[in-house]
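What follows is the content of coords_9.tsv, which has TSV, C-alpha atoms:
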chain	number	residue	atom	x	y	z
B	1	MET	CA	14.50	-15.45	-56.64
B	2	ALA	CA	16.38	-18.58	-55.53
B	3	SER	CA	18.90	-16.52	-53.58
B	4	ARG	CA	16.09	-14.59	-51.91
B	5	ALA	CA	14.32	-17.81	-50.95
B	6	ALA	CA	17.58	-19.18	-49.57
B	7	ALA	CA	18.10	-16.01	-47.52
B	8	ALA	CA	14.57	-16.23	-46.15
B	9	ALA	CA	15.16	-19.85	-45.19
B	10	VAL	CA	18.30	-18.84	-43.31
B	11	VAL	CA	16.36	-16.17	-41.37
B	12	VAL	CA	13.63	-18.64	-40.47
B	13	LEU	CA	16.22	-21.21	-39.39
B	14	ALA	CA	17.97	-18.59	-37.24
B	15	LEU	CA	14.71	-17.69	-35.50
B	16	VAL	CA	13.91	-21.35	-34.86
B	17	CYS	CA	17.38	-21.88	-33.41
B	18	ALA	CA	16.96	-18.79	-31.21
B	19	VAL	CA	13.69	-20.12	-29.82
B	20	GLN	CA	15.24	-23.53	-29.20
B	21	SER	CA	18.27	-21.95	-27.56
B	22	SER	CA	16.03	-19.87	-25.28
B	23	LEU	CA	14.01	-22.92	-24.29
B	24	SER	CA	17.17	-24.98	-23.75
B	25	ALA	CA	18.43	-22.32	-21.35
B	26	ALA	CA	15.20	-22.59	-19.40
B	27	THR	CA	15.48	-26.39	-19.32
B	28	ALA	CA	18.98	-26.06	-17.95
B	29	GLY	CA	17.73	-23.72	-15.28
B	30	GLY	CA	19.50	-20.71	-16.77
B	31	LEU	CA	17.77	-17.38	-16.21
B	32	SER	CA	19.02	-14.17	-17.74
B	33	PRO	CA	17.91	-10.53	-18.00
B	34	ASP	CA	18.10	-11.04	-21.79
B	35	PHE	CA	16.26	-14.37	-21.84
B	36	HIS	CA	13.48	-13.01	-24.09
B	37	ALA	CA	15.62	-10.57	-26.09
B	38	VAL	CA	15.42	-12.60	-29.31
B	39	THR	CA	12.06	-14.33	-28.94
B	40	CYS	CA	10.20	-11.27	-27.65
B	41	PRO	CA	12.13	-8.02	-28.24
B	42	PRO	CA	9.19	-5.68	-27.37
B	43	LEU	CA	8.42	-7.45	-24.04
B	44	GLU	CA	9.55	-4.73	-21.65
B	45	GLN	CA	8.06	-1.96	-23.80
B	46	ILE	CA	4.67	-3.71	-23.79
B	47	VAL	CA	4.83	-4.16	-20.01
B	48	ALA	CA	5.87	-0.55	-19.44
B	49	PHE	CA	3.09	0.84	-21.62
B	50	HIS	CA	0.25	-1.11	-20.01
B	51	VAL	CA	1.49	-0.62	-16.45
B	52	GLY	CA	1.90	3.09	-17.17
B	53	GLU	CA	-1.66	3.38	-18.47
B	54	ALA	CA	-3.03	1.51	-15.46
B	55	PHE	CA	-0.97	3.65	-13.05
B	56	LYS	CA	-2.35	6.86	-14.58
B	57	ASN	CA	-5.88	5.70	-13.77
B	58	ASP	CA	-5.12	4.18	-10.36
B	59	SER	CA	-1.79	4.59	-8.59
B	60	GLY	CA	-2.95	1.89	-6.18
B	61	VAL	CA	-2.10	-0.69	-8.84
B	62	ALA	CA	1.57	-0.45	-7.75
B	63	PRO	CA	1.12	-1.71	-4.16
B	64	ALA	CA	-1.46	-4.18	-5.47
B	65	LEU	CA	1.13	-5.69	-7.82
B	66	ILE	CA	3.80	-5.89	-5.13
B	67	ARG	CA	1.35	-7.69	-2.86
B	68	ILE	CA	0.44	-10.17	-5.59
B	69	LEU	CA	4.13	-10.83	-6.28
B	70	PHE	CA	4.95	-11.37	-2.60
B	71	HIS	CA	1.94	-13.66	-2.12
B	72	ASP	CA	3.02	-15.57	-5.22
B	73	CYS	CA	6.69	-15.97	-4.29
B	74	PHE	CA	6.52	-16.75	-0.57
B	75	PRO	CA	4.53	-20.04	-0.53
B	76	GLN	CA	6.30	-22.01	-3.30
B	77	GLY	CA	8.32	-19.58	-5.40
B	78	CYS	CA	7.55	-16.99	-8.08
B	79	ASP	CA	5.61	-19.29	-10.37
B	80	GLY	CA	2.36	-17.45	-11.10
B	81	SER	CA	0.42	-19.93	-8.96
B	82	VAL	CA	-1.45	-17.18	-7.11
B	83	LEU	CA	-2.96	-16.10	-10.44
B	84	ILE	CA	-4.84	-19.39	-10.91
B	85	GLU	CA	-8.56	-19.03	-10.30
B	86	GLY	CA	-11.23	-21.51	-9.27
B	87	PRO	CA	-12.17	-23.73	-6.32
B	88	GLY	CA	-9.25	-24.95	-4.25
B	89	THR	CA	-6.80	-22.35	-5.53
B	90	GLU	CA	-4.66	-19.89	-3.59
B	91	GLN	CA	-7.19	-17.13	-4.25
B	92	ASP	CA	-9.65	-19.10	-2.11
B	93	GLU	CA	-7.40	-18.71	0.95
B	94	ILE	CA	-7.99	-15.88	3.43
B	95	PRO	CA	-4.67	-14.01	2.85
B	96	ASN	CA	-5.47	-13.73	-0.86
B	97	LYS	CA	-9.15	-12.80	-0.80
B	98	THR	CA	-8.29	-9.09	-0.91
B	99	LEU	CA	-5.86	-9.26	-3.84
B	100	ARG	CA	-7.01	-6.48	-6.13
B	101	ARG	CA	-8.81	-7.47	-9.29
B	102	VAL	CA	-7.45	-4.42	-11.15
B	103	ALA	CA	-3.90	-5.76	-10.78
B	104	LEU	CA	-4.80	-9.38	-11.56
B	105	ASP	CA	-6.58	-8.26	-14.72
B	106	LEU	CA	-3.64	-6.05	-15.68
B	107	ILE	CA	-1.24	-9.01	-15.55
B	108	ASP	CA	-3.44	-11.07	-17.86
B	109	ARG	CA	-4.04	-8.10	-20.17
B	110	ILE	CA	-0.27	-7.73	-20.56
B	111	ARG	CA	0.02	-11.47	-21.12
B	112	MET	CA	-2.52	-11.22	-23.96
B	113	ARG	CA	-0.59	-8.39	-25.65
B	114	VAL	CA	2.77	-10.11	-25.19
B	115	HIS	CA	1.51	-13.42	-26.60
B	116	SER	CA	-0.12	-11.59	-29.49
B	117	ALA	CA	3.19	-9.91	-30.34
B	118	CYS	CA	5.57	-12.76	-29.59
B	119	SER	CA	3.49	-15.93	-29.49
B	120	ARG	CA	3.40	-17.97	-26.29
B	121	THR	CA	7.02	-17.52	-25.21
B	122	VAL	CA	6.74	-15.52	-21.96
B	123	SER	CA	5.29	-16.89	-18.74
B	124	CYS	CA	2.77	-15.17	-16.50
B	125	ALA	CA	5.38	-15.45	-13.72
B	126	ASP	CA	7.89	-13.37	-15.71
B	127	ILE	CA	5.18	-10.86	-16.64
B	128	THR	CA	4.18	-10.48	-12.99
B	129	VAL	CA	7.76	-9.73	-11.95
B	130	LEU	CA	8.29	-7.22	-14.77
B	131	ALA	CA	4.96	-5.46	-14.17
B	132	THR	CA	5.72	-5.16	-10.46
B	133	ARG	CA	9.15	-3.68	-11.12
B	134	GLU	CA	7.72	-1.13	-13.56
B	135	SER	CA	4.98	-0.06	-11.15
B	136	LEU	CA	7.47	0.31	-8.30
B	137	VAL	CA	9.55	2.75	-10.33
B	138	LEU	CA	6.45	4.74	-11.35
B	139	ALA	CA	5.54	5.08	-7.66
B	140	GLY	CA	8.97	6.55	-6.88
B	141	GLY	CA	10.76	3.39	-5.81
B	142	PRO	CA	14.00	1.73	-6.93
B	143	ARG	CA	14.49	-0.46	-9.97
B	144	PHE	CA	15.60	-3.99	-9.09
B	145	GLU	CA	17.46	-6.49	-11.22
B	146	VAL	CA	15.34	-9.18	-12.88
B	147	ALA	CA	16.53	-12.43	-14.44
B	148	LEU	CA	13.92	-13.93	-16.76
B	149	GLY	CA	12.98	-17.37	-18.01
B	150	ARG	CA	10.63	-18.60	-15.27
B	151	ARG	CA	7.87	-21.05	-16.05
B	152	ASP	CA	4.38	-21.05	-14.57
B	153	SER	CA	3.43	-23.77	-12.10
B	154	PHE	CA	1.01	-26.54	-13.00
B	155	PHE	CA	-0.54	-26.43	-9.53
B	156	PRO	CA	-1.52	-23.80	-6.96
B	157	ALA	CA	0.24	-23.85	-3.61
B	158	SER	CA	-1.47	-25.91	-0.92
B	159	PRO	CA	-3.38	-24.27	1.96
B	160	VAL	CA	-0.48	-25.23	4.23
B	161	GLN	CA	1.98	-23.44	1.95
B	162	VAL	CA	-0.23	-20.34	1.71
B	163	GLY	CA	-0.38	-20.44	5.51
B	164	LEU	CA	3.35	-19.73	5.52
B	165	LEU	CA	2.65	-16.14	4.46
B	166	PRO	CA	3.55	-13.72	7.28
B	167	ALA	CA	0.42	-12.36	8.96
B	168	PRO	CA	-0.09	-8.77	10.15
B	169	PHE	CA	-0.47	-9.97	13.74
B	170	HIS	CA	2.72	-12.06	13.83
B	171	PRO	CA	5.43	-11.09	16.37
B	172	VAL	CA	8.89	-10.32	15.01
B	173	ASP	CA	10.44	-13.57	16.21
B	174	LYS	CA	7.93	-15.49	14.12
B	175	LEU	CA	8.57	-13.22	11.13
B	176	ILE	CA	12.31	-13.80	11.41
B	177	LYS	CA	11.73	-17.55	11.37
B	178	SER	CA	9.24	-17.37	8.48
B	179	PHE	CA	11.63	-15.35	6.34
B	180	GLY	CA	14.59	-17.51	7.37
B	181	ASP	CA	12.75	-20.66	6.33
B	182	ARG	CA	12.45	-19.15	2.85
B	183	GLY	CA	16.12	-18.19	2.62
B	184	LEU	CA	15.55	-14.53	3.50
B	185	ASN	CA	17.45	-12.90	6.35
B	186	VAL	CA	16.62	-10.23	8.92
B	187	THR	CA	17.78	-7.43	6.63
B	188	ASP	CA	15.47	-8.74	3.92
B	189	LEU	CA	12.60	-8.80	6.43
B	190	VAL	CA	13.07	-5.18	7.49
B	191	ALA	CA	13.56	-3.97	3.89
B	192	LEU	CA	10.68	-5.90	2.31
B	193	SER	CA	8.35	-4.81	5.12
B	194	GLY	CA	9.00	-1.31	3.79
B	195	ALA	CA	6.63	-2.16	0.92
B	196	HIS	CA	3.96	-1.10	3.42
B	197	THR	CA	5.00	2.46	2.68
B	198	PHE	CA	2.08	2.56	0.26
B	199	GLY	CA	-1.17	0.69	-0.28
B	200	VAL	CA	-4.17	0.03	1.94
B	201	ALA	CA	-5.45	-2.49	4.46
B	202	HIS	CA	-8.89	-3.55	5.71
B	203	CYS	CA	-10.00	-3.22	9.32
B	204	PRO	CA	-9.99	-6.96	10.18
B	205	ALA	CA	-6.26	-7.01	9.44
B	206	PHE	CA	-5.39	-4.47	12.13
B	207	ASP	CA	-8.31	-4.20	14.58
B	208	ASP	CA	-6.26	-6.22	17.10
B	209	ARG	CA	-4.37	-2.95	17.67
B	210	PHE	CA	-7.38	-1.34	19.38
B	211	LYS	CA	-10.26	-3.83	19.68
B	212	ASN	CA	-9.65	-4.94	23.28
B	213	GLY	CA	-7.95	-1.81	24.49
B	214	PHE	CA	-5.01	-0.10	22.84
B	215	ASP	CA	-2.14	-2.41	21.97
B	216	THR	CA	0.84	-2.22	24.31
B	217	ASN	CA	2.98	-4.96	22.78
B	218	PRO	CA	4.08	-3.24	20.62
B	219	ALA	CA	2.62	0.06	21.80
B	220	ILE	CA	0.48	2.19	19.50
B	221	ASP	CA	0.05	5.97	19.59
B	222	PRO	CA	-3.24	6.49	21.50
B	223	LYS	CA	-4.47	9.28	19.23
B	224	PHE	CA	-3.74	7.17	16.15
B	225	ALA	CA	-5.48	4.16	17.72
B	226	THR	CA	-8.53	6.25	18.60
B	227	GLY	CA	-8.84	7.42	15.00
B	228	LEU	CA	-8.58	3.87	13.71
B	229	ARG	CA	-11.17	2.60	16.18
B	230	ASN	CA	-13.63	5.33	15.26
B	231	LYS	CA	-13.10	4.76	11.55
B	232	CYS	CA	-13.48	0.98	11.74
B	233	ALA	CA	-16.67	1.33	13.78
B	234	LYS	CA	-18.25	2.32	10.45
B	235	ASP	CA	-16.86	-0.72	8.61
B	236	THR	CA	-20.16	-2.21	7.43
B	237	PRO	CA	-20.17	-4.76	5.96
B	238	GLU	CA	-16.94	-5.78	7.63
B	239	GLY	CA	-13.87	-5.62	5.42
B	240	THR	CA	-15.10	-2.97	3.00
B	241	LEU	CA	-13.49	0.10	4.58
B	242	LYS	CA	-9.87	0.87	3.67
B	243	GLN	CA	-7.07	2.45	5.66
B	244	ASN	CA	-3.77	3.74	4.26
B	245	LEU	CA	-0.80	1.72	5.45
B	246	ASP	CA	1.39	4.84	5.59
B	247	VAL	CA	-0.28	7.91	7.08
B	248	ARG	CA	2.33	10.33	5.72
B	249	THR	CA	2.76	9.70	1.99
B	250	PRO	CA	0.31	6.88	1.25
B	251	ASP	CA	0.64	6.90	-2.55
B	252	VAL	CA	4.42	7.22	-2.83
B	253	PHE	CA	7.11	4.60	-2.41
B	254	ASP	CA	9.57	6.20	0.03
B	255	ASN	CA	10.98	5.62	3.53
B	256	LYS	CA	8.17	7.35	5.45
B	257	TYR	CA	6.90	3.94	6.60
B	258	TYR	CA	9.83	3.87	9.02
B	259	PHE	CA	8.87	7.34	10.28
B	260	ASP	CA	5.47	5.86	11.09
B	261	LEU	CA	7.13	3.23	13.27
B	262	ILE	CA	9.13	5.83	15.18
B	263	ALA	CA	5.87	7.73	15.83
B	264	ARG	CA	4.16	4.49	16.98
B	265	GLN	CA	1.83	4.70	14.01
B	266	GLY	CA	2.62	1.36	12.42
B	267	LEU	CA	-0.72	-0.03	11.30
B	268	PHE	CA	0.10	-3.70	11.77
B	269	LYS	CA	1.52	-5.32	14.88
B	270	SER	CA	4.07	-6.99	12.59
B	271	ASP	CA	5.21	-3.57	11.35
B	272	GLN	CA	5.42	-1.76	14.66
B	273	GLY	CA	7.27	-4.66	16.20
B	274	LEU	CA	10.23	-4.03	13.90
B	275	PHE	CA	10.98	-0.83	15.81
B	276	ASP	CA	10.78	-2.55	19.20
B	277	HIS	CA	12.66	-5.77	18.58
B	278	PRO	CA	16.41	-5.60	19.35
B	279	THR	CA	17.27	-7.59	16.21
B	280	THR	CA	15.43	-5.28	13.80
B	281	LYS	CA	15.29	-1.84	15.48
B	282	ARG	CA	18.69	-0.66	14.31
B	283	MET	CA	17.99	-1.49	10.68
B	284	ALA	CA	14.52	0.09	10.79
B	285	THR	CA	16.03	3.24	12.30
B	286	ARG	CA	18.73	3.34	9.62
B	287	PHE	CA	16.17	3.14	6.85
B	288	SER	CA	14.19	5.98	8.44
B	289	LEU	CA	17.30	8.18	8.32
B	290	ASN	CA	18.62	7.15	4.92
B	291	GLN	CA	16.20	6.57	2.05
B	292	ASP	CA	19.04	5.68	-0.33
B	293	ALA	CA	20.10	2.86	2.00
B	294	PHE	CA	16.52	1.61	2.14
B	295	PHE	CA	16.11	1.74	-1.64
B	296	GLU	CA	19.41	-0.06	-2.23
B	297	GLN	CA	18.52	-2.86	0.20
B	298	PHE	CA	14.91	-3.10	-0.99
B	299	ALA	CA	16.10	-3.61	-4.58
B	300	ARG	CA	18.60	-6.23	-3.42
B	301	SER	CA	16.00	-8.07	-1.34
B	302	MET	CA	13.43	-8.01	-4.14
B	303	ALA	CA	15.96	-9.46	-6.59
B	304	LYS	CA	16.67	-12.19	-4.04
B	305	MET	CA	13.00	-12.95	-3.41
B	306	VAL	CA	11.98	-13.25	-7.05
B	307	ASN	CA	14.60	-15.97	-7.56
B	308	MET	CA	13.25	-18.32	-4.89
B	309	ASP	CA	12.31	-21.88	-5.96
B	310	LEU	CA	12.28	-21.20	-9.67
B	311	LEU	CA	10.54	-23.41	-12.20
B	312	THR	CA	12.22	-23.76	-15.59
B	313	GLY	CA	11.93	-26.04	-18.60
B	314	ASP	CA	9.48	-28.93	-18.40
B	315	ARG	CA	9.04	-28.43	-14.66
B	316	GLY	CA	6.53	-25.73	-15.53
B	317	GLU	CA	4.50	-24.27	-18.38
B	318	ILE	CA	3.77	-21.04	-20.21
B	319	ARG	CA	0.07	-20.57	-19.59
B	320	ALA	CA	-2.29	-19.53	-22.37
B	321	ARG	CA	-4.26	-17.62	-19.73
B	322	CYS	CA	-2.77	-16.64	-16.39
B	323	ALA	CA	-5.85	-17.76	-14.46
B	324	VAL	CA	-6.04	-21.22	-16.06
B	325	ARG	CA	-3.38	-23.85	-15.48
B	326	GLY	CA	-2.41	-26.51	-17.98
B	327	THR	CA	-2.14	-30.26	-17.48
B	328	PRO	CA	1.29	-31.80	-16.85
B	329	PRO	CA	3.43	-33.24	-18.29
B	330	ARG	CA	2.10	-32.12	-21.68
B	331	ILE	CA	0.16	-28.89	-21.93
B	332	GLN	CA	-3.10	-29.55	-23.69
B	333	ALA	CA	-4.35	-27.11	-26.29
B	334	ALA	CA	-6.19	-24.22	-24.66
B	335	ALA	CA	-9.64	-23.10	-25.70
B	336	ALA	CA	-9.60	-21.53	-29.14
B	337	GLY	CA	-9.32	-17.76	-29.25
B	338	ASP	CA	-7.50	-14.95	-31.00
B	339	ASP	CA	-5.20	-14.29	-28.06
B	340	GLU	CA	-3.97	-17.87	-27.65
B	341	GLY	CA	-0.45	-18.87	-28.55
B	342	ILE	CA	1.57	-21.98	-29.24
B	343	SER	CA	1.76	-24.78	-26.71
B	344	ALA	CA	4.28	-24.66	-23.90
B	345	ASP	CA	6.06	-27.83	-25.03
B	346	MET	CA	6.81	-26.61	-28.56
How does this structure look as C-alpha cells?
Amino acid sequence: MASRAAAAAVVVLALVCAVQSSLSAATAGGLSPDFHAVTCPPLEQIVAFHVGEAFKNDSGVAPALIRILFHDCFPQGCDGSVLIEGPGTEQDEIPNKTLRRVALDLIDRIRMRVHSACSRTVSCADITVLATRESLVLAGGPRFEVALGRRDSFFPASPVQVGLLPAPFHPVDKLIKSFGDRGLNVTDLVALSGAHTFGVAHCPAFDDRFKNGFDTNPAIDPKFATGLRNKCAKDTPEGTLKQNLDVRTPDVFDNKYYFDLIARQGLFKSDQGLFDHPTTKRMATRFSLNQDAFFEQFARSMAKMVNMDLLTGDRGEIRARCAVRGTPPRIQAAAAGDDEGISADM
C-alpha cells in the first residue's frame, strides 16, 4: 500500500511540474505546437470533433471563423479580444457587427468542453486559432502551422485599433500600408485576401461598386454589376441580404477568387484592385494559375499573422468564458458553474 501511495504521489508531482513548466514557458514568451500536449492531450481532438459537427450543419462556419480570427488578430494581436461581449467592446464596432453568432458560439462551446476535460489551461485565443485551422482544412484549404500558448487579453481593442481593419472600399495603396504597419508584406496581403474565396457579404459592404454608376476604378463587369444592383434593390431591411464573395465555388476554399478578379467580378473594390495594381497584379495572376502556390503562401501568411503581438504569461489570462474578460492583474473567480475551471494565475 505504501509503495502504491508513493507511486501515486510521484504521478501527481509529475503532473504538477508539467503544468508549472507549461505556464513557465508561457511566462517566458515561449510558444510551441506541443504547448498543451501534457496539460491537455485531447485538445486538438476536441476541437476537430466540434468543428466537424458544426461544419456538417453549416459549411459557412469556416469563412465565419476565418473572419473572426482576422478581426481578432489585426487590431492588437491574436488575443481573443474580439470575443468579448458587452458595451464598449470590439463587437460594438461597425466592422464586427456582422460576425456570425454560430461561429462565436462554437468557439465558446469548444472552450467549455476543453476546460471540462483539461481544466482551465487553454485560452480562447488558442482555441480560436485551432478551430479556424480545422475549418479551413474541412473546406478544402491548406493546413497551417500553429504554435500554442497564447493568453487572452484583459481588454478589448480600442475603436481606433479596430479602425485599422482593412475596409472593402480601401484602395490597394492603403491596404499595402495597413498590412505593412502590422508586419505583413504585399505577398501576405494578396494571399490573405484569398480568404474571400468563400463566405458572404452584405450589400452595404459593396454597393459602392454600382450605387452611383458602375465602378470604373477598378472596373467591374457590367453584367455582374447589374445583377448585384438588382439583387440589392431588394435588401430590406438594409444589411439582411447576402451575396457570395466568390461567384464560382462559394462554399469551397480554392483559388477561384483570383479567377473572379480576372473576370472583373471581384465583389469588393479592395479585392478587384489587387488585379489592377502594378504591385499586386503579378502575384494575383500567379495564384489564379497555380492553386498549390496559393495554398502554400496562404498557409505561410496565416502562420505569420497568428503570431502577431502575442500575449503570454501574466500579460494575459485564460478566460473562464470567452465573452467575459477577467480583471488584471489577478483574475477574480468567475461565476460558479459546472463548466468553470481553475483561475488563470494558478
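Between atom CA of His170 of chain B and atom CA of Gly183 of chain B the interatomic distance comes to 18.5 Å.
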Counting all atoms listed in the file, the residue of B:Leu310, B:Val324, B:Ala131, B:Cys73 that sits nearest Ala54 of chain B =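 Closest residue, counting all atoms listed in the file: B:Ala131.
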query = Contacts of segment 217-225 of chain B at 10 Å or less, counting all atoms listed in the file, minus same-chain residues fewer than 2 places along, as a PyMOL selection string?
reply = chain B and resi 171+207+209-211+213-215+227-231+247+261+263-277
Show me a table, sorted first by chain and then by increasing residue number, of the residues of segment 220-251 of chain B having an atom at most 12 Å from segment 133-151 of chain B, each with its shortest atom pair and the distance in Å to one decimal, counting all atoms listed in the file and written as a tab-separated table.
residue	atom	partner	partner_atom	distance
B:Thr249	CA	B:Ala139	CA	11.1
B:Pro250	CA	B:Ala139	CA	10.5
B:Asp251	CA	B:Ala139	CA	7.3
message = Env of segment 78-80 of chain B: 7 Å cut, atoms = all atoms listed in the file, seq-sep filter 5 positions within chain, self excluded. Answer as a count of residues only.
response = 11
query = How many Å separate atom CA of Ser288 of chain B from atom CA of His71 of chain B?
reply =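 Those two atoms sit 25.4 Å apart.
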ask   = Neighbours of Pro204 of chain B within 12 Å (all atoms listed in the file; same-chain residues fewer than 5 positions away dropped), as a PyMOL selection string?
value = chain B and resi 94-95+98+167-169+209-211+228-229+232-233+235-243+267-268
ask   = For Gly88 of chain B, which of B:Thr121, B:Ser158, B:Thr312, B:Thr327 is the closest residue, counting only C-alpha atoms?
value =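 Residue with the minimum atom-to-atom distance to Gly88 of chain B: B:Ser158.
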query = Which distance in Å separates atom CA of Lys177 of chain B and atom CA of Gly199 of chain B, to one decimal?
reply =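 Result for atom CA of Lys177 of chain B versus atom CA of Gly199 of chain B: 25.2 Å, one decimal.
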key: Closest of B:Leu175, B:Val252, B:Ile68, B:Leu189 to Arg300 of chain B - atom-to-atom distances counting all atoms listed in the file   =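 Answer, going by the shortest atom-to-atom distance: B:Leu189.
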ask   = Which residue gives the smallest distance to His115 of chain B among B:Leu31, B:Leu65, B:Val129, B:Val47, with only C-alpha atoms counted?
value = B:Val47
request  = Kindly indicate which residue among B:Val190, B:Ala303, B:Val102, B:Leu83 lies nearest to Arg282 of chain B, using only C-alpha atoms for the distances.
outcome  =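 Ranked by minimum distance to Arg282 of chain B, first place goes to B:Val190.
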message = Between B:Glu53, B:Gly30, B:Asp58, B:Lys97, which residue has the minimum interatomic distance to Val162 of chain B, considering all atoms listed in the file?
response =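 Ranked by minimum distance to Val162 of chain B, first place goes to B:Lys97.
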Considering only C-alpha atoms, return as a PDB file with C-alpha atoms, in the frame of the given file whatever protein or nucleic-acid residues lie within 8 Å of Ser178 of chain B, sequence-local ones (same chain, fewer than 5 positions apart) excluded.
ATOM      1  CA  LEU B 164       3.350 -19.730   5.520  1.00  0.00           C
ATOM      2  CA  LEU B 165       2.650 -16.140   4.460  1.00  0.00           C
ATOM      3  CA  PRO B 166       3.550 -13.720   7.280  1.00  0.00           C
TER       4      PRO B 166
END
message = Env of segment 106-111 of chain B: 10 Å cut, atoms = only C-alpha atoms, seq-sep filter 5 positions within chain, self excluded. Answer as an MDAnalysis selection string.
response = chainID B and resid 43 46:51 54 61 65 83 101 116:117 120 122:132 319:323 339:340
